[in-house]
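Notes follow the structure.
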Amino acid sequence: MRTVFVLFDSLNRLALGAYGGTAIATPNFDRFAKRSVTFDTHYVGSLPCMPARRDMHTGRLNFMHRHWGPLEPFDDSYARILSQNGTYTHLISDHLHYFEDGGAGYANAFDSWDYIRGQEYDPLKVLVSPPVERLRETYDERHYPLDGLPDGTATRGNTSKVAWKKSRAAINARFLETEADFPTAKCFSAAFEFLDLNRDADDWFLQLECFDPHEPFVAPERFKDAYRSGYDGKILDWPIYEKATNSAEEIAEIRGNYAALVAMCDEYFGKLLDYFDAHGLWDDTCLILTTDHGFLLSEHDWWGKNRMPYYEEIAHIPLMIAHPDGDRDTRRAALTQTPDLMPTMLDLHSCPVPPGVTGTSLVHSLTGDVPGHTSIALGMFGGPVCVTDGRYSYFRYPDDQTGTDLSIYTLMPSHMTGPFDIGELQSAELVEPFDFTKGVPLLKLQLASKNSQVGQDGQTLEDCETALYDLQNDPGQTCPIDDPALMARLTALIAAHFREHDAPPEIYDRFGLATSELHETIHQGR
């Protein structure tokens with residue numbers, strides 16, 4: 001078996017025609033749906049980027065124990081397991097977070113990898129002294145806050161984190177002179193080179209992972225032409241993860257820039273489909289397409305994907321799989337989730353699935369209707385937890401809005417871009433293993449605001465609230481319902497998912513689940 005796993009970042013399900021989208025032309029994603037099994041009820045697990053990838057690698061949720069961070073020494077990675085069982089694994093990606101402290105171990109789990117430079121704030125070219133005034137003249141500072149960049153400075157030590165990142169991204173855009181310079185184009189070029197060299201070989205796994213259409217929404221002009229909004233102000237292509245306060249014209253411009261980037265992803269994915277057609281790869285190669293999470297483009301009055309409720313635009317994501325022996329132009333209604341990818345990939349290559357995996361292989365779903373999960377839980381460390389059974393979606397927010405009641409459990413204490421500092425490490429204590437750590441004890445560390453994707457820059461959860469939605473009658477999630485009995489049933493499901501993943505006691509306490517008999521049970525021995 002050979003597998004090509006195509007992973008885009010922040011690809012909204014409703015941007016695709018195959019999932020009912022009409023605002024963006026996606027002929028190639030839709031064309032792929034005609035060749036594949038399309039999963040209609042597929043959801044995220046842990047959020048955002050690196051937690052989602054840890055779910056993919058390990059086949060289990062991780063947001064209950066730790067924030068964004070590396071693979072742990074005790075983690076089972078599908079890439080490593082495939083390699084150990086004779087399948088050659090190769091990663092092609094422009095996802096810069098793999099090459100920061102908080103992304104350690106993921107790329108190294110593959111036999112080999114190609115890294116494409118220049119996405120987001122990863123320097124495509126280095127300018128020690130950026131033209132700060134020119135950036136201010138060009139970029140709208142509501143979405144590109146550059147006030148922390150005094151003229152002639154660009155070092156991280158004397159600028160705000162946001163200003164430094166966004167100035168780097170703006171500099172990168174200056175050096176995208178031709179379409180071939182764009183990282184997505186380079187990723188697909190590297191993939192075609194791999195396929196040219198290896199398409200006659202057997203038993204390999206290629207992960208082609210593109211950071212697009214993640215923000216900043218920068219696309220070649222020919223893609224932007226089809227989605228121009230008529231806006232003539234400063235550049236707006238990197239919305240801040242916060243409440244939407246923009247004008248209708250500005251919202252249309254940001255959405256147009258996102259649409260242009262989705263259209264670029266669609267066209268380059270079509271080139272891969274053309275390659276499969278030209279070389280007959282459909283006969284002996286499995287092709288998988290999905291994303292890590294969606295993105296709010298001012299729907300529900302929010303931008304982004306962090307502390308707001310995990311609406312369908314964030315949580316409900318695309319998944320399509322074309323297998324040589326699988327059904328074509330077929331849809332599945334079964335409830336599935338990101339952790340299901342790991343056992344699926346192992347199953348495709350006849351590899352054993354290790355104990356501790358909570359995901360379920362989807363291979364049998366490629367040839368017939370197979371029951372999915374009865375419910376799934378999803379969330380972000382420090383944020384709300386969501387549970388859905390496919391019909392109802394329930395967001396439960398904690399009573400403590402600060403997150404100071406949480407602890408981080410890890411052997412790899414790293415933030416996104418650097419290790420924990422000495423002060424943070426001084427809070428560490430060694431605690432008993434969890435059931436998935438293979439007998440290995442962990443460090444337990446106190447939570448600081450910078451450890452959480454939710455609580456950065458003084459943000460809290462105070463402007464968010466628990467809500468229940470009926471997805472069948474209200475798919476747009478515009479009218480929350482009040483049904484105490486249903487909430488109680490879904491709350492019990494949340495507790496069940498916490499038990500399945502051996503969540504620490506404070507997680508139950510945080511969401512008001514540790515009461516009476518349940519409280520005694522979950523605290524026993526921990």
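By order in the structure tokens, chains are A, B, ...; within a chain, residues start at 1; ligands start at 1, following the order shown.
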Item checked: Residue neighbourhood Asp40 (chain A), 7 Å, only C-alpha atoms, exclusion window fewer than 4 positions, as a ChimeraX atom specification -> /A:331-333
Checklist line | Residue neighbourhood Leu513 (chain A), 10 Å, only C-alpha atoms, exclusion window fewer than 5 positions, as JSON, numbers by chain | finding: {"A": [491, 492, 494, 495, 498, 505, 506, 507, 508, 518, 519]}
Store the residues picked out above in a file with N, CA and C atoms, as a JSON list (two decimals), in the first residue's frame.
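This is the output file again-v9.json:
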[["chain", "number", "residue", "atom", "x", "y", "z"],
["A", 491, "THR", "N", -23.69, 16.39, 29.63],
["A", 491, "THR", "CA", -22.69, 16.57, 30.69],
["A", 491, "THR", "C", -22.13, 15.22, 31.13],
["A", 492, "ALA", "N", -22.99, 14.23, 31.25],
["A", 492, "ALA", "CA", -22.53, 12.88, 31.60],
["A", 492, "ALA", "C", -21.60, 12.33, 30.52],
["A", 494, "ILE", "N", -19.58, 14.16, 28.66],
["A", 494, "ILE", "CA", -18.29, 14.84, 28.86],
["A", 494, "ILE", "C", -17.49, 14.10, 29.93],
["A", 495, "ALA", "N", -18.14, 13.79, 31.04],
["A", 495, "ALA", "CA", -17.46, 13.07, 32.12],
["A", 495, "ALA", "C", -16.96, 11.71, 31.64],
["A", 498, "PHE", "N", -13.82, 12.23, 29.69],
["A", 498, "PHE", "CA", -12.72, 12.52, 30.61],
["A", 498, "PHE", "C", -12.20, 11.23, 31.24],
["A", 505, "PRO", "N", -7.94, 15.14, 38.08],
["A", 505, "PRO", "CA", -9.10, 15.54, 38.87],
["A", 505, "PRO", "C", -9.51, 16.99, 38.67],
["A", 506, "GLU", "N", -8.53, 17.89, 38.50],
["A", 506, "GLU", "CA", -8.90, 19.30, 38.40],
["A", 506, "GLU", "C", -9.71, 19.62, 37.15],
["A", 507, "ILE", "N", -9.61, 18.78, 36.12],
["A", 507, "ILE", "CA", -10.43, 18.99, 34.93],
["A", 507, "ILE", "C", -11.91, 18.79, 35.27],
["A", 508, "TYR", "N", -12.20, 17.76, 36.04],
["A", 508, "TYR", "CA", -13.58, 17.54, 36.49],
["A", 508, "TYR", "C", -14.05, 18.70, 37.37],
["A", 518, "LEU", "N", -19.15, 10.51, 41.80],
["A", 518, "LEU", "CA", -18.20, 10.72, 40.70],
["A", 518, "LEU", "C", -16.93, 11.36, 41.22],
["A", 519, "HIS", "N", -17.07, 12.36, 42.11],
["A", 519, "HIS", "CA", -15.91, 13.04, 42.68],
["A", 519, "HIS", "C", -15.00, 12.05, 43.39]]
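Residue nearest Arg499 (chain A), chosen from A:Thr358, A:His67, A:Ala263, A:Leu272 and counting only C-alpha atoms: A:Thr358.
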Next item on the list: Using DSSP on the backbone coordinates, identify all residues within region 29-199 of chain A classified as alpha helix (DSSP H); present the result as number ranges by chain.
Entry: A: 29-33, 49-58, 78-84, 132-138, 161-174, 183-198
Requested write-out: C-alpha atoms of the selected residues, as a PDB file, in the first residue's frame:
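result_6.pdb, freshly written:
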ATOM      1  CA  PHE A  29     -11.947  19.516  -3.996  1.00  0.00           C
ATOM      2  CA  ASP A  30     -15.387  18.774  -5.459  1.00  0.00           C
ATOM      3  CA  ARG A  31     -13.846  16.611  -8.174  1.00  0.00           C
ATOM      4  CA  PHE A  32     -12.039  14.617  -5.489  1.00  0.00           C
ATOM      5  CA  ALA A  33     -15.321  14.039  -3.657  1.00  0.00           C
ATOM      6  CA  CYS A  49      -2.496  23.395  15.420  1.00  0.00           C
ATOM      7  CA  MET A  50       0.019  21.299  17.370  1.00  0.00           C
ATOM      8  CA  PRO A  51      -2.514  19.741  19.778  1.00  0.00           C
ATOM      9  CA  ALA A  52      -4.488  18.659  16.690  1.00  0.00           C
ATOM     10  CA  ARG A  53      -1.359  17.083  15.245  1.00  0.00           C
ATOM     11  CA  ARG A  54      -0.649  15.259  18.473  1.00  0.00           C
ATOM     12  CA  ASP A  55      -4.168  13.789  18.205  1.00  0.00           C
ATOM     13  CA  MET A  56      -3.343  12.720  14.643  1.00  0.00           C
ATOM     14  CA  HIS A  57      -0.070  11.082  15.632  1.00  0.00           C
ATOM     15  CA  THR A  58      -1.266   9.331  18.783  1.00  0.00           C
ATOM     16  CA  TYR A  78       1.715   6.732  13.413  1.00  0.00           C
ATOM     17  CA  ALA A  79       4.762   7.902  11.447  1.00  0.00           C
ATOM     18  CA  ARG A  80       7.166   6.069  13.720  1.00  0.00           C
ATOM     19  CA  ILE A  81       5.012   2.923  13.891  1.00  0.00           C
ATOM     20  CA  LEU A  82       4.702   2.812  10.099  1.00  0.00           C
ATOM     21  CA  SER A  83       8.471   3.126   9.754  1.00  0.00           C
ATOM     22  CA  GLN A  84       9.119   0.416  12.354  1.00  0.00           C
ATOM     23  CA  VAL A 132       8.613  49.921   9.808  1.00  0.00           C
ATOM     24  CA  GLU A 133       7.050  53.155   8.569  1.00  0.00           C
ATOM     25  CA  ARG A 134       6.370  51.575   5.197  1.00  0.00           C
ATOM     26  CA  LEU A 135       4.643  48.672   6.943  1.00  0.00           C
ATOM     27  CA  ARG A 136       2.485  51.100   8.900  1.00  0.00           C
ATOM     28  CA  GLU A 137       1.541  52.847   5.699  1.00  0.00           C
ATOM     29  CA  THR A 138       0.577  49.550   4.039  1.00  0.00           C
ATOM     30  CA  LYS A 161       5.451  39.150  20.328  1.00  0.00           C
ATOM     31  CA  VAL A 162       2.569  40.015  18.021  1.00  0.00           C
ATOM     32  CA  ALA A 163       4.384  42.943  16.408  1.00  0.00           C
ATOM     33  CA  TRP A 164       7.488  40.872  15.780  1.00  0.00           C
ATOM     34  CA  LYS A 165       5.542  38.013  14.179  1.00  0.00           C
ATOM     35  CA  LYS A 166       3.409  40.216  12.003  1.00  0.00           C
ATOM     36  CA  SER A 167       6.300  42.350  10.819  1.00  0.00           C
ATOM     37  CA  ARG A 168       8.107  39.177   9.736  1.00  0.00           C
ATOM     38  CA  ALA A 169       5.040  38.017   7.812  1.00  0.00           C
ATOM     39  CA  ALA A 170       4.735  41.379   6.081  1.00  0.00           C
ATOM     40  CA  ILE A 171       8.396  41.213   5.076  1.00  0.00           C
ATOM     41  CA  ASN A 172       7.883  37.710   3.662  1.00  0.00           C
ATOM     42  CA  ALA A 173       5.095  39.006   1.409  1.00  0.00           C
ATOM     43  CA  ARG A 174       7.515  41.471  -0.196  1.00  0.00           C
ATOM     44  CA  PRO A 183       5.192  28.110  -0.034  1.00  0.00           C
ATOM     45  CA  THR A 184       2.143  26.128  -1.190  1.00  0.00           C
ATOM     46  CA  ALA A 185       3.509  26.008  -4.736  1.00  0.00           C
ATOM     47  CA  LYS A 186       6.855  24.821  -3.364  1.00  0.00           C
ATOM     48  CA  CYS A 187       5.192  22.138  -1.234  1.00  0.00           C
ATOM     49  CA  PHE A 188       3.399  20.634  -4.214  1.00  0.00           C
ATOM     50  CA  SER A 189       6.536  20.875  -6.340  1.00  0.00           C
ATOM     51  CA  ALA A 190       8.418  18.869  -3.698  1.00  0.00           C
ATOM     52  CA  ALA A 191       5.593  16.334  -3.626  1.00  0.00           C
ATOM     53  CA  PHE A 192       5.743  15.806  -7.386  1.00  0.00           C
ATOM     54  CA  GLU A 193       9.494  15.303  -7.141  1.00  0.00           C
ATOM     55  CA  PHE A 194       8.947  12.648  -4.441  1.00  0.00           C
ATOM     56  CA  LEU A 195       6.325  10.926  -6.585  1.00  0.00           C
ATOM     57  CA  ASP A 196       8.515  11.045  -9.702  1.00  0.00           C
ATOM     58  CA  LEU A 197      11.289   9.314  -7.799  1.00  0.00           C
ATOM     59  CA  ASN A 198       9.151   6.814  -5.865  1.00  0.00           C
TER      60      ASN A 198
END
Checklist line | Contacts of Tyr392 (chain A) at 7 Å (only C-alpha atoms; same-chain gap of 6+ positions) as a list in words | finding: Tyr469, Asp470 and Leu471 of chain A
Go ahead and write the selection's residues with N, CA and C atoms as a PDB file, in the first residue's frame.
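Saved as result_26.pdb:
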ATOM      1  N   TYR A 469     -26.982  23.584  21.354  1.00  0.00           N
ATOM      2  CA  TYR A 469     -27.587  23.807  20.037  1.00  0.00           C
ATOM      3  C   TYR A 469     -28.103  22.491  19.460  1.00  0.00           C
ATOM      4  N   ASP A 470     -29.202  22.603  18.732  1.00  0.00           N
ATOM      5  CA  ASP A 470     -29.773  21.492  17.980  1.00  0.00           C
ATOM      6  C   ASP A 470     -29.293  21.627  16.536  1.00  0.00           C
ATOM      7  N   LEU A 471     -28.321  20.819  16.153  1.00  0.00           N
ATOM      8  CA  LEU A 471     -27.701  20.965  14.834  1.00  0.00           C
ATOM      9  C   LEU A 471     -28.640  20.560  13.701  1.00  0.00           C
TER      10      LEU A 471
END
